[in-house]
>>> print(open('coords-v6.txt').read())   # compact mmCIF, C-alpha atoms
# COMPACT_ATOMS: atom_id res chain seq x y z
CA MET F 101 79.91 78.66 85.73
CA LYS F 102 79.59 79.71 89.39
CA ILE F 103 80.54 83.38 89.73
CA ALA F 104 80.64 85.45 92.93
CA VAL F 105 80.61 89.24 92.91
CA THR F 106 81.92 91.55 95.62
CA ILE F 107 81.20 95.28 95.79
CA TYR F 108 83.24 97.71 97.86
CA GLU F 109 81.73 101.13 97.14
CA GLY F 110 78.52 102.89 98.06
CA PRO F 111 75.68 103.51 95.58
CA TYR F 112 75.49 106.56 93.30
CA ASN F 113 78.81 107.92 94.54
CA HIS F 114 80.82 105.39 92.56
CA GLU F 115 80.17 103.49 89.35
CA ALA F 116 81.10 100.18 91.01
CA SER F 117 77.56 99.13 91.85
CA ASP F 118 76.32 99.94 88.32
CA SER F 119 79.20 98.02 86.75
CA ALA F 120 78.53 95.08 89.05
CA TYR F 121 74.81 95.11 88.33
CA ASN F 122 75.28 95.24 84.57
CA PHE F 123 77.86 92.47 84.78
CA ILE F 124 75.53 90.26 86.84
CA VAL F 125 72.57 90.79 84.50
CA ALA F 126 74.78 89.82 81.54
CA ALA F 127 76.10 86.75 83.39
CA LEU F 128 72.57 85.58 84.24
CA ALA F 129 71.51 86.10 80.61
CA LYS F 130 74.30 83.76 79.59
CA GLY F 131 73.06 81.11 82.01
CA HIS F 132 75.79 81.44 84.61
CA GLU F 133 75.05 80.92 88.29
CA ILE F 134 75.69 83.86 90.59
CA ARG F 135 76.99 82.05 93.67
CA GLY F 136 76.53 85.19 95.74
CA ILE F 137 76.86 88.95 95.94
CA PHE F 138 78.83 90.32 98.88
CA PHE F 139 78.82 93.94 100.02
CA TYR F 140 81.87 95.15 101.93
CA HIS F 141 83.41 98.48 102.98
CA ASP F 142 81.00 101.33 101.99
CA GLY F 143 79.32 98.82 99.67
CA VAL F 144 77.00 98.02 102.59
CA TYR F 145 75.06 101.21 101.80
CA ASN F 146 73.81 99.63 98.55
CA VAL F 147 70.93 97.81 100.16
CA THR F 148 69.30 100.23 102.57
CA LYS F 149 65.61 100.84 101.99
CA LEU F 150 66.07 104.36 103.36
CA MET F 151 67.40 105.56 100.02
CA GLU F 152 64.95 107.53 97.95
CA PRO F 153 66.45 108.55 94.62
CA PRO F 154 64.61 110.86 92.19
CA GLN F 155 61.95 108.96 90.24
CA ASP F 156 63.75 109.32 86.93
CA ASP F 157 66.88 107.69 88.35
CA ARG F 158 67.58 104.02 88.97
CA HIS F 159 66.73 102.70 92.43
CA ILE F 160 69.91 100.85 93.29
CA ALA F 161 68.68 99.11 96.46
CA ASN F 162 65.49 97.88 94.77
CA ARG F 163 67.55 96.57 91.88
CA TRP F 164 69.58 94.41 94.26
CA SER F 165 66.44 93.31 96.06
CA GLU F 166 64.94 92.14 92.75
CA LEU F 167 68.02 90.04 92.08
CA GLY F 168 67.68 88.63 95.59
CA ALA F 169 64.06 87.71 94.81
CA LYS F 170 65.39 85.52 92.00
CA GLY F 171 67.17 83.45 94.62
CA ILE F 172 70.62 84.99 94.47
CA ASP F 173 72.27 85.06 97.91
CA ILE F 174 72.98 88.72 98.68
CA VAL F 175 75.06 89.25 101.80
CA VAL F 176 76.03 92.41 103.66
CA CYS F 177 79.08 92.11 105.88
CA ILE F 178 77.97 92.47 109.49
CA ALA F 179 81.19 94.08 110.73
CA ALA F 180 81.27 96.66 107.92
CA ALA F 181 77.52 97.27 108.29
CA LYS F 182 77.49 97.80 112.07
CA ARG F 183 80.36 100.26 111.77
CA ARG F 184 78.27 102.30 109.31
CA GLY F 185 74.85 102.09 110.93
CA ILE F 186 73.39 99.52 108.57
CA VAL F 187 71.27 97.00 110.47
CA ASP F 188 68.65 94.36 109.59
CA SER F 189 65.72 96.75 110.01
CA VAL F 190 66.90 99.12 107.25
CA LEU F 191 67.63 96.45 104.63
CA VAL F 192 65.53 95.97 101.50
CA PRO F 193 63.93 92.51 101.24
CA ASN F 194 65.85 89.48 99.92
CA VAL F 195 69.17 90.60 101.39
CA ARG F 196 70.80 89.32 104.58
CA ILE F 197 73.47 90.43 107.02
CA SER F 198 76.13 87.88 107.81
CA GLY F 199 79.81 87.45 108.53
CA LEU F 200 82.99 87.42 106.53
CA GLY F 201 82.77 83.63 106.55
CA GLN F 202 80.23 84.08 103.76
CA LEU F 203 82.76 85.96 101.65
CA THR F 204 85.24 83.19 102.39
CA MET F 205 82.80 80.52 101.24
CA MET F 206 82.06 82.48 98.07
CA ALA F 207 85.78 82.83 97.32
CA ILE F 208 86.26 79.09 97.83
CA GLU F 209 83.09 77.75 96.20
CA ALA F 210 82.71 80.11 93.27
CA GLU F 211 84.86 79.33 90.25
CA ARG F 212 85.34 83.05 89.74
CA MET F 213 85.27 86.05 92.03
CA VAL F 214 84.84 89.45 90.41
CA ILE F 215 85.40 92.54 92.53
CA PHE F 216 84.07 96.03 91.84
CA GLY F 217 85.31 99.03 93.79
CA ASP F 218 87.39 102.17 93.66
CA MET S 155 94.47 85.99 84.06
CA LEU S 156 92.02 88.78 83.38
CA HIS S 157 93.25 92.07 84.79
CA THR S 158 90.54 94.70 85.23
CA VAL S 159 91.64 98.34 85.43
CA ASN S 160 89.08 100.98 86.39
CA GLN S 161 91.29 104.00 87.09
CA SER S 162 92.26 106.81 84.75
CA PRO S 163 95.93 106.63 83.74
CA PHE S 164 96.07 110.43 84.04
CA GLN S 165 95.19 110.27 87.75
CA LYS S 166 96.71 107.03 88.99
CA SER S 167 99.51 104.66 88.07
CA THR S 168 97.21 101.62 88.34
CA LEU S 169 97.48 100.57 84.69
CA GLU S 170 101.23 101.03 84.73
CA SER S 171 101.46 98.79 87.81
CA CYS S 172 99.16 96.21 86.31
CA LEU S 173 101.29 95.97 83.17
CA ARG S 174 104.33 94.90 85.23
CA PHE S 175 102.43 91.78 86.30
CA VAL S 176 100.85 90.79 83.00
CA ARG S 177 102.03 87.46 81.57
CA LYS S 178 101.74 85.89 78.16
CA GLY S 179 98.12 84.97 77.51
CA ASP S 180 96.75 87.40 80.10
CA VAL S 181 94.15 89.91 79.00
CA ILE S 182 93.37 93.41 80.24
CA LEU S 183 89.90 94.92 80.47
CA LEU S 184 89.56 98.69 80.82
CA LEU S 185 86.32 99.78 82.46
CA GLU S 186 84.88 102.80 84.28
CA ASP S 187 87.53 105.56 84.30
CA GLY S 188 90.02 102.98 83.07
CA VAL S 189 88.69 103.49 79.54
CA PHE S 190 90.48 106.85 79.32
CA ALA S 191 93.61 104.75 78.73
CA ALA S 192 92.03 103.38 75.52
CA GLN S 193 91.80 106.79 73.87
CA ALA S 194 94.12 107.29 70.88
CA GLY S 195 96.55 110.17 70.65
CA THR S 196 96.87 111.06 74.33
CA ALA S 197 99.91 111.46 76.57
CA MET S 198 99.03 108.05 78.05
CA SER S 199 98.25 106.12 74.84
CA SER S 200 101.68 104.52 74.84
CA LEU S 201 100.74 102.36 77.86
CA VAL S 202 98.02 100.51 76.00
CA GLU S 203 99.96 100.56 72.71
CA GLY S 204 102.84 98.85 74.51
CA ALA S 205 100.56 96.30 76.15
CA LEU S 206 98.99 95.44 72.79
CA LYS S 207 102.34 94.17 71.51
CA SER S 208 102.06 91.15 73.79
CA ASN S 209 98.52 91.00 75.18
CA LYS S 210 94.90 91.57 74.27
CA VAL S 211 93.34 94.74 75.62
CA TYR S 212 89.58 95.24 75.84
CA ALA S 213 87.58 98.36 76.66
CA LEU S 214 83.98 98.34 77.89
CA SER S 215 81.66 99.97 75.36
CA ALA S 216 79.18 101.36 77.91
CA ASP S 217 81.98 103.27 79.62
CA LEU S 218 83.45 104.53 76.34
CA LYS S 219 80.07 105.77 75.15
CA ALA S 220 79.23 107.40 78.47
CA ARG S 221 82.47 109.37 78.24
CA ALA S 222 82.09 110.25 74.53
CA LEU S 223 85.27 108.38 73.65
CA THR S 224 85.11 107.35 70.01
CA ASP S 225 88.75 107.44 68.92
CA VAL S 226 90.01 104.22 70.42
CA ILE S 227 93.60 103.00 70.00
CA GLN S 228 93.86 100.60 67.09
CA GLY S 229 93.95 97.01 68.30
CA VAL S 230 91.87 97.61 71.42
CA GLU S 231 88.79 95.42 71.29
CA VAL S 232 85.60 97.14 72.32
CA THR S 233 83.34 94.79 74.23
CA ASP S 234 80.04 94.85 76.11
CA TYR S 235 79.05 93.36 79.48
CA ALA S 236 78.34 90.02 77.80
CA GLY S 237 81.90 90.07 76.48
CA PHE S 238 83.13 90.96 79.98
CA VAL S 239 81.32 87.86 81.28
CA ASP S 240 83.01 85.72 78.61
CA LEU S 241 86.42 87.05 79.68
CA VAL S 242 85.64 86.16 83.28
CA GLU S 243 84.57 82.68 82.20
CA GLN S 244 87.91 82.22 80.42
CA HIS S 245 90.20 83.67 83.10
CA THR S 246 90.69 84.04 86.84
CA THR S 247 90.28 87.74 87.58
CA HIS S 248 92.33 90.29 89.44
CA ALA S 249 90.82 93.73 89.96
CA TRP S 250 93.45 96.50 90.11
CA LEU S 251 91.38 98.75 92.34
CA MET M 128 98.49 69.76 100.66
CA ALA M 129 95.26 68.16 99.42
CA GLU M 130 94.16 68.92 95.88
CA ASP M 131 90.83 70.36 96.96
CA ILE M 132 92.33 73.08 99.16
CA LYS M 133 91.81 76.27 97.17
CA LYS M 134 94.51 78.83 96.71
CA ILE M 135 93.28 82.30 97.59
CA MET M 136 95.52 85.33 97.18
CA PHE M 137 95.06 88.76 98.68
CA THR M 138 96.66 91.75 97.04
CA VAL M 139 97.14 94.93 99.06
CA ARG M 140 97.86 97.98 96.92
CA LYS M 141 96.48 100.85 98.98
CA GLY M 142 98.29 102.72 101.70
CA PRO M 143 97.25 102.41 105.36
CA HIS M 144 95.02 104.89 107.23
CA GLY M 145 94.11 107.20 104.29
CA THR M 146 91.19 104.85 103.63
CA ILE M 147 89.77 101.87 105.51
CA TYR M 148 90.51 99.29 102.80
CA VAL M 149 93.71 97.93 104.32
CA TYR M 150 92.21 97.67 107.81
CA GLU M 151 88.99 95.96 106.74
CA GLY M 152 90.99 93.85 104.32
CA LEU M 153 93.05 92.57 107.24
CA GLU M 154 89.83 91.50 108.96
CA VAL M 155 88.99 89.37 105.93
CA LYS M 156 92.40 87.69 105.98
CA LEU M 157 92.10 86.79 109.66
CA ILE M 158 88.66 85.24 109.14
CA MET M 159 89.65 83.39 105.98
CA ALA M 160 92.72 81.96 107.72
CA ALA M 161 90.35 79.94 109.91
CA TYR M 162 88.98 78.15 106.84
CA ASP M 163 90.49 75.46 104.66
CA ALA M 164 92.20 77.67 102.12
CA ASP M 165 95.80 78.12 101.05
CA ILE M 166 96.22 81.82 101.69
CA SER M 167 98.90 84.15 100.43
CA VAL M 168 99.14 87.92 100.75
CA VAL M 169 101.02 90.17 98.35
CA PHE M 170 101.81 93.84 99.00
CA ILE M 171 102.21 96.01 95.91
CA ASP M 172 102.41 99.79 95.29
CA ASP M 173 101.38 101.86 98.36
CA GLY M 174 100.37 98.59 100.00
CA VAL M 175 103.99 98.23 101.12
CA TYR M 176 103.49 101.23 103.44
CA ALA M 177 100.95 99.13 105.34
CA LEU M 178 103.88 96.94 106.39
CA LYS M 179 106.24 99.70 107.43
CA ALA M 180 107.35 99.23 111.02
CA GLY M 181 106.85 101.98 113.59
CA GLN M 182 103.33 103.17 112.70
CA ASN M 183 101.80 105.23 115.49
CA THR M 184 98.14 106.19 115.02
CA LYS M 185 97.65 107.50 118.58
CA GLU M 186 97.67 111.17 117.62
CA LEU M 187 95.37 110.47 114.70
CA GLY M 188 92.96 108.84 117.12
CA ILE M 189 92.31 105.66 115.19
CA LYS M 190 93.04 102.05 116.00
CA GLY M 191 96.18 100.91 114.25
CA PHE M 192 96.83 97.43 112.99
CA GLU M 193 100.58 97.03 113.04
CA ALA M 194 100.31 94.76 116.09
CA THR M 195 98.03 92.43 114.14
CA TYR M 196 100.49 92.23 111.27
CA GLY M 197 103.02 91.28 113.93
CA VAL M 198 101.18 88.03 114.62
CA LEU M 199 100.12 87.01 111.10
CA VAL M 200 102.19 83.85 111.40
CA ASP M 201 100.23 82.92 114.56
CA TYR M 202 97.09 83.13 112.42
CA GLU M 203 98.83 80.70 110.04
CA ILE M 204 99.26 83.39 107.41
CA SER M 205 102.92 82.94 106.60
CA LYS M 206 102.95 83.33 102.82
CA VAL M 207 103.44 87.07 102.86
CA PHE M 208 105.20 88.72 99.93
CA VAL M 209 106.26 92.22 98.97
CA ASP M 210 106.86 93.48 95.44
CA LYS M 211 110.52 94.42 95.16
CA LYS M 212 110.05 97.39 92.84
CA SER M 213 107.25 98.90 94.96
CA LEU M 214 109.56 98.69 97.97
CA GLU M 215 112.57 100.17 96.18
CA ASP M 216 110.51 102.95 94.55
CA ARG M 217 109.59 104.08 98.07
CA GLY M 218 113.14 103.99 99.39
CA LEU M 219 112.39 101.04 101.65
CA THR M 220 114.13 97.74 102.31
CA GLN M 221 113.00 94.53 103.96
CA ASP M 222 114.50 95.78 107.24
CA ASP M 223 111.96 98.63 107.30
CA LEU M 224 109.06 96.19 107.39
CA VAL M 225 107.18 94.74 110.35
CA VAL M 226 108.06 91.34 111.75
CA ILE M 227 105.09 89.04 111.13
CA GLY M 228 106.08 86.31 113.57
CA GLU M 229 108.90 84.04 114.46
CA ASP M 230 110.08 80.64 113.32
CA GLU M 231 108.79 78.00 115.75
CA GLU M 232 112.06 76.10 115.86
CA THR M 233 114.78 78.71 115.45
CA GLU M 234 112.79 81.58 116.99
CA GLU M 235 114.15 83.73 114.20
CA GLU M 236 112.06 86.75 113.21
CA ILE M 237 110.02 86.33 110.03
CA ARG M 238 109.55 89.33 107.79
CA PRO M 239 107.56 89.51 104.55
CA LYS M 240 109.49 87.99 101.66
CA VAL M 241 110.64 90.35 98.92
CA VAL M 242 109.98 88.99 95.43
CA ASP M 243 109.92 90.43 91.93
CA ALA M 244 106.93 91.01 89.65
CA ASP M 245 107.57 87.86 87.61
CA GLU M 246 107.40 85.70 90.73
CA ILE M 247 104.20 87.42 91.84
CA ALA M 248 102.64 87.06 88.39
CA ALA M 249 103.51 83.35 88.43
CA MET M 250 101.83 82.98 91.84
CA MET M 251 98.77 84.88 90.62
CA ALA M 252 98.41 82.43 87.75
CA GLU M 253 98.11 79.53 90.24
CA GLN M 254 95.25 81.02 92.27
CA HIS M 255 91.67 79.85 92.48
CA ASN M 256 90.56 83.40 93.25
CA ILE M 257 92.27 86.70 94.07
CA LEU M 258 90.85 89.35 96.39
CA CYS M 259 92.19 92.89 96.29
CA PHE M 260 92.20 95.33 99.20
>>> encode(input="coords-v6.txt", output="structure tokens")
Amino acid sequence: MKIAVTIYEGPYNHEASDSAYNFIVAALAKGHEIRGIFFYHDGVYNVTKLMEPPQDDRHIANRWSELGAKGIDIVVCIAAAKRRGIVDSVLVPNVRISGLGQLTMMAIEAERMVIFGD
Amino acid sequence: MLHTVNQSPFQKSTLESCLRFVRKGDVILLLEDGVFAAQAGTAMSSLVEGALKSNKVYALSADLKARALTDVIQGVEVTDYAGFVDLVEQHTTHAWL
Amino acid sequence: MAEDIKKIMFTVRKGPHGTIYVYEGLEVKLIMAAYDADISVVFIDDGVYALKAGQNTKELGIKGFEATYGVLVDYEISKVFVDKKSLEDRGLTQDDLVVIGEDEETEEEIRPKVVDADEIAAMMAEQHNILCF
């Protein structure tokens, strides 16, 4: 099944990005297709390469980047990102900035949309 | 419908709101701070106990374990992320954020 | 309406201004309205405050969005509903809510439609996907 995932909260501060990640890993293990991952609101902070968590903690941005390397379309909302100082040059690899049209297409094309936030 | 609830019933009325919109055949998944609603013997247990009379209620094991919640209301099904995925496969989802 | 047009519902449950969710959520609705989707918006809980007429954010120093709600119908977002109990719990009536446009023929003002939880739940069950803000 085609599933899209949207994340509204920033990393570390809220469990949303951990819940979403664990959900996606489980969905992939079951053979589902992740149609896309969309970051909105403070969720845009999830994919900045400027984050440097302690070594014994998970690296949330790298985790998303690794999923992107598997071919999953990971999109950061441009309007939400610009407002918060997130631009192309600070993104981890395998992630792109685009418009809300991408979220629209995910909502239309994916058979399910699962949203994680506060 | 799959209704996901991630807020503590002690802090917010999210679960209470959600329950007004639950229909026959709908299921509820408690995750993140939402799992506090699954604990037996609390001032808020009656919400989930009431819901269980007509609907299935699930609680995410990772969140229960992380919060040291072992005494779960009888009838609540404890599930993992794979089970969460199965629920999503079976139902359109609404997140009560 | 063609079978392949997907039904997408937005639920708004957070109050305005305390957080950005309602404002950025409105941006999503306006974009999505330009696509081939059958959009509906439902206001529940504190979300009904987002529709209260007379909001003035000047002193707060932030851009308000009441004016945009006032032209939702122009954006072809006319399926706008409010949960009856949420409204009543907050001492509000339909008359307290913003006008979202006017009827093209009669020029009558259109306000969000007040419906009960059962009607909203029935609509939810028909959706392809539901986005919450």
>>> interface_residues(input="coords-v6.txt", of="chain M", to="chain S", cutoff="6 Å", atoms="all atoms listed in the file", output="list in words")
Ala244, Ala248 and Ile257 of chain M
>>> closest_residue(input="coords-v6.txt", among="F:His141, F:Met213, F:Gly199, F:Pro153", to="Tyr150 of chain M", atoms="all atoms listed in the file")
F:His141
>>> residues_around(input="coords-v6.txt", residues="Ile237 of chain M", least_positions_apart="2", cutoff="7 Å", atoms="all atoms listed in the file", output="list of chain:residue names")
M:Val226, M:Ile227, M:Gly228, M:Glu229, M:Asp230, M:Glu235, M:Pro239
>>> interface_residues(input="coords-v6.txt", of="chain M", to="chain F", cutoff="10 Å", atoms="only C-alpha atoms", output="PyMOL selection string")
chain M and resi 131-135+147-148+151-152+154-164+255-260
>>> closest_residue(input="coords-v6.txt", among="F:Met151, F:Ile174, F:Pro111, F:Asp118", to="chain S", atoms="only C-alpha atoms")
F:Asp118
>>> decode(input="coords-v6.txt", residues="segment 235-250 of chain S", atoms="N, CA and C atoms", output="mmCIF file, in the first residue's frame")
data_model
loop_
_atom_site.group_PDB
_atom_site.id
_atom_site.type_symbol
_atom_site.label_atom_id
_atom_site.label_comp_id
_atom_site.auth_asym_id
_atom_site.auth_seq_id
_atom_site.Cartn_x
_atom_site.Cartn_y
_atom_site.Cartn_z
ATOM 1 N N TYR S 235 4.905 -1.202 16.455
ATOM 2 C CA TYR S 235 4.817 -0.370 15.248
ATOM 3 C C TYR S 235 4.302 -1.173 14.051
ATOM 4 N N ALA S 236 4.653 -2.456 13.993
ATOM 5 C CA ALA S 236 4.158 -3.288 12.884
ATOM 6 C C ALA S 236 2.625 -3.387 12.964
ATOM 7 N N GLY S 237 2.118 -3.495 14.188
ATOM 8 C CA GLY S 237 0.666 -3.530 14.373
ATOM 9 C C GLY S 237 0.024 -2.199 14.007
ATOM 10 N N PHE S 238 0.725 -1.121 14.315
ATOM 11 C CA PHE S 238 0.282 0.237 13.948
ATOM 12 C C PHE S 238 0.140 0.305 12.418
ATOM 13 N N VAL S 239 1.157 -0.206 11.723
ATOM 14 C CA VAL S 239 1.117 -0.209 10.248
ATOM 15 C C VAL S 239 -0.093 -1.002 9.751
ATOM 16 N N ASP S 240 -0.351 -2.139 10.362
ATOM 17 C CA ASP S 240 -1.517 -2.955 9.954
ATOM 18 C C ASP S 240 -2.817 -2.170 10.140
ATOM 19 N N LEU S 241 -2.921 -1.431 11.240
ATOM 20 C CA LEU S 241 -4.132 -0.633 11.484
ATOM 21 C C LEU S 241 -4.297 0.441 10.403
ATOM 22 N N VAL S 242 -3.168 1.037 10.022
ATOM 23 C CA VAL S 242 -3.213 2.058 8.967
ATOM 24 C C VAL S 242 -3.637 1.425 7.637
ATOM 25 N N GLU S 243 -3.145 0.221 7.399
ATOM 26 C CA GLU S 243 -3.506 -0.470 6.150
ATOM 27 C C GLU S 243 -5.022 -0.733 6.108
ATOM 28 N N GLN S 244 -5.586 -1.018 7.275
ATOM 29 C CA GLN S 244 -7.012 -1.372 7.334
ATOM 30 C C GLN S 244 -7.946 -0.158 7.353
ATOM 31 N N HIS S 245 -7.430 1.002 7.783
ATOM 32 C CA HIS S 245 -8.315 2.149 8.003
ATOM 33 C C HIS S 245 -7.714 3.455 7.497
ATOM 34 N N THR S 246 -8.562 4.360 7.032
ATOM 35 C CA THR S 246 -8.154 5.750 6.839
ATOM 36 C C THR S 246 -7.898 6.333 8.228
ATOM 37 N N THR S 247 -6.902 7.219 8.313
ATOM 38 C CA THR S 247 -6.456 7.672 9.633
ATOM 39 C C THR S 247 -6.792 9.142 9.891
ATOM 40 N N HIS S 248 -7.209 9.412 11.115
ATOM 41 C CA HIS S 248 -7.284 10.805 11.558
ATOM 42 C C HIS S 248 -6.476 10.964 12.831
ATOM 43 N N ALA S 249 -5.514 11.889 12.783
ATOM 44 C CA ALA S 249 -4.676 12.144 13.952
ATOM 45 C C ALA S 249 -5.312 13.264 14.776
ATOM 46 N N TRP S 250 -5.614 12.970 16.033
ATOM 47 C CA TRP S 250 -6.200 13.979 16.938
ATOM 48 C C TRP S 250 -5.067 14.716 17.624
#
